[in-house]
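K.L.:
I'd like to ask you about the structure that follows.
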Amino acid sequence: MATREPPPPQAADSLLDVERSFGQRLAYAGRFLWRDRSGMIGLVLFLVVVAAALFAPQISPYNPLAQNLRDSKIPPAWYQGGSLDYLFGTDNLGRDIFSRIIYGTRVSLTVGFFGVLIAGTLGLVLGAIAGYVGGRVDSIIVGGVNMVLSLPYLLFVVFIASILGRSLINVILIFGITDAPIFARVTRGEVLRIRESGYIESAISVGARSGRIIFDHILPNLIGPLITLATFEMSRMIFYEAGLGFLGLSVPPTVPSWGNMLAAGRKYLTSSPWIATFPGLAIMFTSLGMNLLGDWLRDVLDPRLRRSRK
Amino acid sequence: MQRYLFSRLAQSLLILIGLLIIVFFMVRVTGDPASLMMSREASPESIAAFRHKMGFDRPLIVQFWDFLTHVVVGDFGNSLHFKTPALPLLLERLPATVELATIGLIMAMLIAIPLGLIGGFNPGSSIDSIGRGLALLGQSIPNFWLALILILFFAVKLRWFPSFGRDEFKSVILPAFVIGLPTMGQLVRMTRSAVLEIRGEDFVRTAHSKGLEPRVIYIKHVLRNVAVMLVSVIGVQYSYMLGGSIYIEAVFAWPGMGQLTEQAIGWRDFTLVQAIAVFGSVVVLAINLLTDVAYALIDPRIRYGD
């Protein structure tokens, strides 16, 4: 191969630019983050949630399962009758709500992470095959994807969950499989776009084999859009997991999850509204954080889609 | 146009068949639908009798043919809870769901479209920021939780609206607002970006350069095209609202199909849940089909595209 030309400076405006060292990329992302305040907020919210999940035993003051009926339905600390012993108050069985919220991050993030992992892997494989092979294989995969995406999602997830029964594995599998078509659609679109681009043509014309084209040219270009999509989809899964929990269809009722807490708090809405309030706020901040983070990732990973900030 | 219509119809039929296959096999994926549908304390003998009565002991292909031929004529079997045919139970609940979704959609459009238009014509203005904030909130607030909070505030504390049921017109306001909020967010975004996009089109520049009055350009060239782009979004959102009202109807005890779904899950009435999944999907598919046809009627580029 000929010696590489140094890249023109203005073209290297992407985090995934191969010509950059890791440190340069990190510095670039940092500069970008500093300029985008809402992305910063998103990242901080997301890191707080991840930290809460990782260090749940160290952070939470109580065992999230410990019942103490004498201390049931104590309001949050800043309400009349509340105490600093229970920052967010206690639920109908006297369990500490703050500790349960902290432990709830584990359920949400597990479902979101593994759900996206499964959906992303399935979708990447299906979408890449469809886009790269084309022809009849492509139309079969596209047909299947369009079919699943045109069904009412919530109704279907509820239907499947009600049949399979309550367990963490089931919830992860349901989201992992039903969400794969979205990843497949995006992957296929990107593969088609990349295949049409000039550098693939050049690679083919200098005699690169399929394997090399896929791993060296197509996959690196897929990372950006897929990571962005994964962030939005993870936020959506966390949302839907809580919704299933609210209907009593997610993890078993003994597990402290935000959806289960909401479902339990619904019965005491008028007498002890804080039981349902905090898990809802937790879902909202997580979802908000991930949406902001996704917007920022889209900007930083894919300069073509950069938002107009006039 | 006829060719487009025909291919779109054939596509919907294919999706419908795929849907029926999924539903059929999902009910059987746990291995034994009879023990799924019976209560956990049922004796082995009664489960066996039930299995025979429902025909679960026949070959799969016979069962599937049976299922298909019945569903096509609108026979979803009997509800396990009510012991009566499932379809009339659904149809009874349909008007309430349609009312909720329709009013929710109208509320969302009335708020979102003006905000999106103003935002698109004045990007960066304070109204634009409000609109974008609303869009973000609509995306992030869990609607089942928002429903609880609104009940607490507007129904329990202020007593402006009833907290549940469907007895007077006022009772539709809160659930319709909640169900419309995600749509509102989506519509603000779409309207805003549609305006921004069309304002940059060549034909708008041409109109400006030939000296047309800005007011005429906005109404005749920009707004009309924005309206075309919004038709498909509104159709899709409407079908989401019809198919996704489970939480909101459950919280507000709104007697529609969503509440029936929640109740059927509680009763372990799987034939009813199955009927709702199929019927709900048919409604959603029909709305999507109508939207696409309307879109093709308005926009000639779609009709002659392929």
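Numbering starts fresh at 1 for the residues of each chain in the structure tokens, the chains themselves are lettered A, B, ... in the order given, and ligands are numbered from 1 as they appear.
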Near Leu60 in chain B, counting only C-alpha atoms, which residues have an atom at most 10 Å away, once you skip same-chain residues fewer than 6 positions from it, shown as a count of residues only?
P.N.:
4
K.L.:
Compile the residues of chain A that lie within 10 Å of chain B, evaluated using only C-alpha atoms, and express the compilation as JSON, numbers by chain.
P.N.:
{"A": [143, 144, 146, 147, 148, 150, 151, 152, 153, 154, 155, 156, 157, 158, 159, 160, 161, 162, 163, 164, 165, 235, 236, 239, 240, 242, 243, 244, 246, 247, 248, 249, 259, 262, 263, 265, 266, 269, 270, 273, 276, 277, 278, 279, 280, 281, 282, 283, 284, 285, 286, 287, 288, 289, 290, 291, 292, 308, 309, 310]}
K.L.:
If we count only C-alpha atoms and set the cut-off at 8 Å, which residues sit around Leu69 in chain A, ignoring sequence neighbours fewer than 2 positions away in its own chain? Please answer as number ranges by chain.
P.N.:
A: 67, 71-72, 92-94
K.L.:
Which residues, written as a list in words, have at least one atom at most 9 Å from Gly256 in chain B, with only C-alpha atoms counted and residues fewer than 5 positions away on the same chain left out?
P.N.:
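After dropping sequence-adjacent residues, the list is Leu90, Glu92, Arg93, Leu94, Pro95, Ala96, Thr97, Val98, Leu100, Ser245, Ile246, Glu249 and Thr261 of chain B.
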K.L.:
Near range 224-231 of chain B, counting only C-alpha atoms, which residues have an atom at most 12 Å away, once you skip same-chain residues fewer than 3 positions from it, shown as a PyMOL selection string?
P.N.:
chain B and resi 109+112-113+116-117+120+183+186-199+201+203-204+216-221+234-238+287-288+290-302
K.L.:
Could you save the residues just selected, with N, CA and C atoms, as a tab-separated table (two decimals), in the first residue's frame?
P.N.:
```tsv
chain	number	residue	atom	x	y	z
B	109	MET	N	-52.71	17.98	19.35
B	109	MET	CA	-52.53	18.79	18.14
B	109	MET	C	-52.73	20.27	18.43
B	112	ALA	N	-49.53	21.27	20.36
B	112	ALA	CA	-48.21	21.02	19.77
B	112	ALA	C	-48.00	21.76	18.46
B	113	ILE	N	-49.00	21.77	17.60
B	113	ILE	CA	-48.76	22.32	16.26
B	113	ILE	C	-48.43	23.82	16.31
B	116	GLY	N	-44.90	24.11	17.61
B	116	GLY	CA	-43.92	23.67	16.62
B	116	GLY	C	-43.75	24.68	15.51
B	117	LEU	N	-44.88	25.28	15.07
B	117	LEU	CA	-44.82	26.27	13.99
B	117	LEU	C	-44.02	27.49	14.44
B	120	GLY	N	-40.43	26.61	14.68
B	120	GLY	CA	-39.78	26.43	13.39
B	120	GLY	C	-39.51	27.75	12.70
B	183	THR	N	-47.40	12.13	22.35
B	183	THR	CA	-47.72	12.57	21.00
B	183	THR	C	-47.45	14.06	20.85
B	186	GLN	N	-43.79	14.56	20.38
B	186	GLN	CA	-43.40	14.12	19.05
B	186	GLN	C	-43.83	15.14	17.99
B	187	LEU	N	-45.07	15.63	18.15
B	187	LEU	CA	-45.62	16.57	17.16
B	187	LEU	C	-44.86	17.89	17.16
B	188	VAL	N	-44.49	18.38	18.36
B	188	VAL	CA	-43.73	19.63	18.42
B	188	VAL	C	-42.44	19.46	17.63
B	189	ARG	N	-41.74	18.35	17.89
B	189	ARG	CA	-40.47	18.09	17.20
B	189	ARG	C	-40.67	18.03	15.69
B	190	MET	N	-41.69	17.23	15.28
B	190	MET	CA	-41.88	17.01	13.85
B	190	MET	C	-42.28	18.30	13.14
B	191	THR	N	-43.22	19.05	13.75
B	191	THR	CA	-43.67	20.29	13.12
B	191	THR	C	-42.50	21.25	12.97
B	192	ARG	N	-41.71	21.36	14.06
B	192	ARG	CA	-40.59	22.27	14.05
B	192	ARG	C	-39.60	21.91	12.95
B	193	SER	N	-39.23	20.62	12.89
B	193	SER	CA	-38.22	20.26	11.89
B	193	SER	C	-38.79	20.31	10.48
B	194	ALA	N	-40.11	20.05	10.34
B	194	ALA	CA	-40.72	20.14	9.01
B	194	ALA	C	-40.67	21.58	8.51
B	195	VAL	N	-40.99	22.53	9.40
B	195	VAL	CA	-40.95	23.94	8.99
B	195	VAL	C	-39.52	24.33	8.61
B	196	LEU	N	-38.56	23.93	9.47
B	196	LEU	CA	-37.17	24.28	9.18
B	196	LEU	C	-36.72	23.71	7.85
B	197	GLU	N	-37.14	22.46	7.60
B	197	GLU	CA	-36.71	21.81	6.37
B	197	GLU	C	-37.31	22.48	5.14
B	198	ILE	N	-38.63	22.73	5.21
B	198	ILE	CA	-39.30	23.26	4.02
B	198	ILE	C	-38.90	24.71	3.75
B	199	ARG	N	-38.61	25.44	4.84
B	199	ARG	CA	-38.17	26.82	4.63
B	199	ARG	C	-36.89	26.89	3.81
B	201	GLU	N	-36.15	24.85	1.34
B	201	GLU	CA	-36.30	24.21	0.02
B	201	GLU	C	-36.14	25.23	-1.11
B	203	PHE	N	-38.02	25.67	-3.73
B	203	PHE	CA	-39.22	26.38	-4.20
B	203	PHE	C	-39.59	27.55	-3.30
B	204	VAL	N	-39.18	27.47	-2.03
B	204	VAL	CA	-39.45	28.61	-1.15
B	204	VAL	C	-38.54	29.78	-1.52
B	216	VAL	N	-47.86	35.10	2.09
B	216	VAL	CA	-48.36	34.17	1.06
B	216	VAL	C	-47.46	32.95	0.98
B	217	ILE	N	-46.16	33.19	1.05
B	217	ILE	CA	-45.22	32.06	0.97
B	217	ILE	C	-45.44	31.11	2.13
B	218	TYR	N	-45.58	31.69	3.34
B	218	TYR	CA	-45.75	30.84	4.52
B	218	TYR	C	-47.00	30.00	4.41
B	219	ILE	N	-48.10	30.62	3.98
B	219	ILE	CA	-49.35	29.87	3.97
B	219	ILE	C	-49.40	28.91	2.79
B	220	LYS	N	-49.08	29.41	1.59
B	220	LYS	CA	-49.26	28.56	0.40
B	220	LYS	C	-48.15	27.54	0.22
B	221	HIS	N	-46.92	27.92	0.53
B	221	HIS	CA	-45.81	27.01	0.23
B	221	HIS	C	-45.34	26.23	1.43
B	234	ILE	N	-49.33	11.93	12.47
B	234	ILE	CA	-50.55	11.92	13.28
B	234	ILE	C	-51.23	10.56	13.20
B	235	GLY	N	-51.23	9.96	12.01
B	235	GLY	CA	-51.83	8.63	11.88
B	235	GLY	C	-51.14	7.61	12.75
B	236	VAL	N	-49.80	7.61	12.70
B	236	VAL	CA	-49.04	6.64	13.49
B	236	VAL	C	-49.28	6.87	14.98
B	237	GLN	N	-49.27	8.14	15.38
B	237	GLN	CA	-49.47	8.44	16.79
B	237	GLN	C	-50.85	8.03	17.26
B	238	TYR	N	-51.85	8.22	16.41
B	238	TYR	CA	-53.21	7.84	16.77
B	238	TYR	C	-53.28	6.33	17.01
B	287	ILE	N	-55.78	1.55	10.85
B	287	ILE	CA	-55.48	2.98	10.92
B	287	ILE	C	-54.24	3.30	10.08
B	288	ASN	N	-53.21	2.44	10.21
B	288	ASN	CA	-51.99	2.69	9.44
B	288	ASN	C	-52.27	2.63	7.94
B	290	LEU	N	-55.16	3.26	6.44
B	290	LEU	CA	-55.90	4.48	6.08
B	290	LEU	C	-54.97	5.68	5.98
B	291	THR	N	-54.02	5.77	6.93
B	291	THR	CA	-53.09	6.89	6.92
B	291	THR	C	-52.28	6.90	5.63
B	292	ASP	N	-51.77	5.71	5.26
B	292	ASP	CA	-50.95	5.64	4.06
B	292	ASP	C	-51.75	6.00	2.82
B	293	VAL	N	-53.01	5.54	2.79
B	293	VAL	CA	-53.85	5.87	1.63
B	293	VAL	C	-54.09	7.37	1.57
B	294	ALA	N	-54.40	7.96	2.74
B	294	ALA	CA	-54.63	9.40	2.78
B	294	ALA	C	-53.38	10.14	2.32
B	295	TYR	N	-52.24	9.67	2.78
B	295	TYR	CA	-50.97	10.29	2.43
B	295	TYR	C	-50.74	10.24	0.93
B	296	ALA	N	-51.04	9.06	0.34
B	296	ALA	CA	-50.85	8.91	-1.11
B	296	ALA	C	-51.81	9.80	-1.88
B	297	LEU	N	-53.03	9.98	-1.34
B	297	LEU	CA	-54.00	10.84	-2.00
B	297	LEU	C	-53.54	12.29	-2.02
B	298	ILE	N	-52.94	12.74	-0.88
B	298	ILE	CA	-52.53	14.13	-0.79
B	298	ILE	C	-51.24	14.37	-1.57
B	299	ASP	N	-50.30	13.42	-1.47
B	299	ASP	CA	-48.97	13.67	-2.01
B	299	ASP	C	-48.70	12.78	-3.22
B	300	PRO	N	-48.73	13.34	-4.41
B	300	PRO	CA	-48.57	12.54	-5.62
B	300	PRO	C	-47.21	11.84	-5.71
B	301	ARG	N	-46.19	12.35	-4.98
B	301	ARG	CA	-44.87	11.74	-5.06
B	301	ARG	C	-44.90	10.30	-4.56
B	302	ILE	N	-45.77	10.01	-3.56
B	302	ILE	CA	-45.86	8.66	-3.03
B	302	ILE	C	-46.50	7.74	-4.06
```
K.L.:
Which of range 166-264 of chain B counts as alpha helix (DSSP H) under DSSP, as a PyMOL selection string please?
P.N.:
chain B and resi 173-199+202-209+214-216+224-243+246-252+257-264
K.L.:
Excluding same-chain residues fewer than 5 positions from Val171 in chain A, what lies within 8 Å of it counting only C-alpha atoms, as a list of chain:residue names?
P.N.:
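The residues satisfying every condition are A:Val111, A:Ala161, A:Arg166, A:Glu241, A:Ser250, A:Val251.
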K.L.:
What is the distance, in Å and to one decimal place, between CA of Phe161 in chain B and CA of Leu174 in chain B?
P.N.:
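Value for the CA of Phe161 in chain B-CA of Leu174 in chain B distance: 7.5 Å.
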K.L.:
Could you please determine the separation between CA of Asp299 in chain A and CA of Leu43 in chain A in Å, to one decimal place?
P.N.:
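Rounded to one decimal, the two atoms are 13.8 Å apart.
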K.L.:
For Arg132 in chain B, which of B:Ala42, B:Met184, B:Leu87, B:Ala176 is the closest residue, counting only C-alpha atoms?
P.N.:
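Nearest to Arg132 in chain B: B:Met184.
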K.L.:
Quick check, in Å to one decimal: how far apart do CA of Gly123 in chain A and CA of Ile141 in chain A lie?
P.N.:
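Going from CA of Gly123 in chain A over to CA of Ile141 in chain A covers 10.4 Å.
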K.L.:
Could you check which of A:Asp85, A:Asp295, A:Asp216, A:Asp36 is closest to Thr228 in chain A, using only C-alpha atoms?
P.N.:
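Of the candidates, the smallest distance to Thr228 in chain A is held by A:Asp295.
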K.L.:
Any idea what's packed within 7 Å of range 88-91 of chain A, counting only C-alpha atoms, ignoring anything in its chain fewer than 6 positions away? Could you give it as a list of chain:residue names?
P.N.:
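Skipping anything fewer than 6 positions along the chain leaves A:Ser72, A:Lys73, A:Ile74, A:Pro75, A:Pro76, A:Ala77, A:Gly82, A:Ile97, A:Phe98, A:Ile275.
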K.L.:
Selected residues, N, CA and C atoms, written as a PDB file, in the first residue's frame, please.
P.N.:
```
ATOM      1  N   SER A  72     -44.304   1.837  59.505  1.00  0.00           N
ATOM      2  CA  SER A  72     -44.846   1.875  58.157  1.00  0.00           C
ATOM      3  C   SER A  72     -45.413   3.241  57.803  1.00  0.00           C
ATOM      4  N   LYS A  73     -45.378   3.574  56.516  1.00  0.00           N
ATOM      5  CA  LYS A  73     -45.941   4.801  55.952  1.00  0.00           C
ATOM      6  C   LYS A  73     -45.465   6.072  56.650  1.00  0.00           C
ATOM      7  N   ILE A  74     -44.164   6.117  56.953  1.00  0.00           N
ATOM      8  CA  ILE A  74     -43.600   7.363  57.493  1.00  0.00           C
ATOM      9  C   ILE A  74     -43.317   8.284  56.315  1.00  0.00           C
ATOM     10  N   PRO A  75     -43.752   9.549  56.361  1.00  0.00           N
ATOM     11  CA  PRO A  75     -43.524  10.450  55.225  1.00  0.00           C
ATOM     12  C   PRO A  75     -42.045  10.813  55.084  1.00  0.00           C
ATOM     13  N   PRO A  76     -41.665  11.417  53.937  1.00  0.00           N
ATOM     14  CA  PRO A  76     -40.267  11.817  53.730  1.00  0.00           C
ATOM     15  C   PRO A  76     -39.798  12.797  54.788  1.00  0.00           C
ATOM     16  N   ALA A  77     -38.466  12.947  54.907  1.00  0.00           N
ATOM     17  CA  ALA A  77     -37.867  13.695  56.005  1.00  0.00           C
ATOM     18  C   ALA A  77     -38.387  15.130  56.104  1.00  0.00           C
ATOM     19  N   GLY A  82     -42.076  13.276  59.360  1.00  0.00           N
ATOM     20  CA  GLY A  82     -40.984  12.509  58.777  1.00  0.00           C
ATOM     21  C   GLY A  82     -39.751  12.604  59.659  1.00  0.00           C
ATOM     22  N   ILE A  97     -37.873   3.593  51.576  1.00  0.00           N
ATOM     23  CA  ILE A  97     -38.056   3.851  50.144  1.00  0.00           C
ATOM     24  C   ILE A  97     -36.740   4.231  49.473  1.00  0.00           C
ATOM     25  N   PHE A  98     -35.900   5.018  50.173  1.00  0.00           N
ATOM     26  CA  PHE A  98     -34.628   5.431  49.583  1.00  0.00           C
ATOM     27  C   PHE A  98     -33.783   4.208  49.201  1.00  0.00           C
ATOM     28  N   ILE A 275     -45.114   7.128  48.415  1.00  0.00           N
ATOM     29  CA  ILE A 275     -44.710   5.755  48.052  1.00  0.00           C
ATOM     30  C   ILE A 275     -44.630   5.623  46.534  1.00  0.00           C
TER      31      ILE A 275
END
```
K.L.:
Measuring atom to atom with only C-alpha atoms, identify which of B:Gly200, B:Pro175, B:Gly131, B:Pro162 is nearest to Ile118 in chain B.
P.N.:
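Smallest separation from Ile118 in chain B among the options: B:Gly131.
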K.L.:
Looking at only C-alpha atoms, which of A:Ile101, A:Ala51, A:Val133, A:Val125 is the one that sits closest to Val186 in chain A?
P.N.:
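Under the stated criterion, the closest residue is A:Val125.
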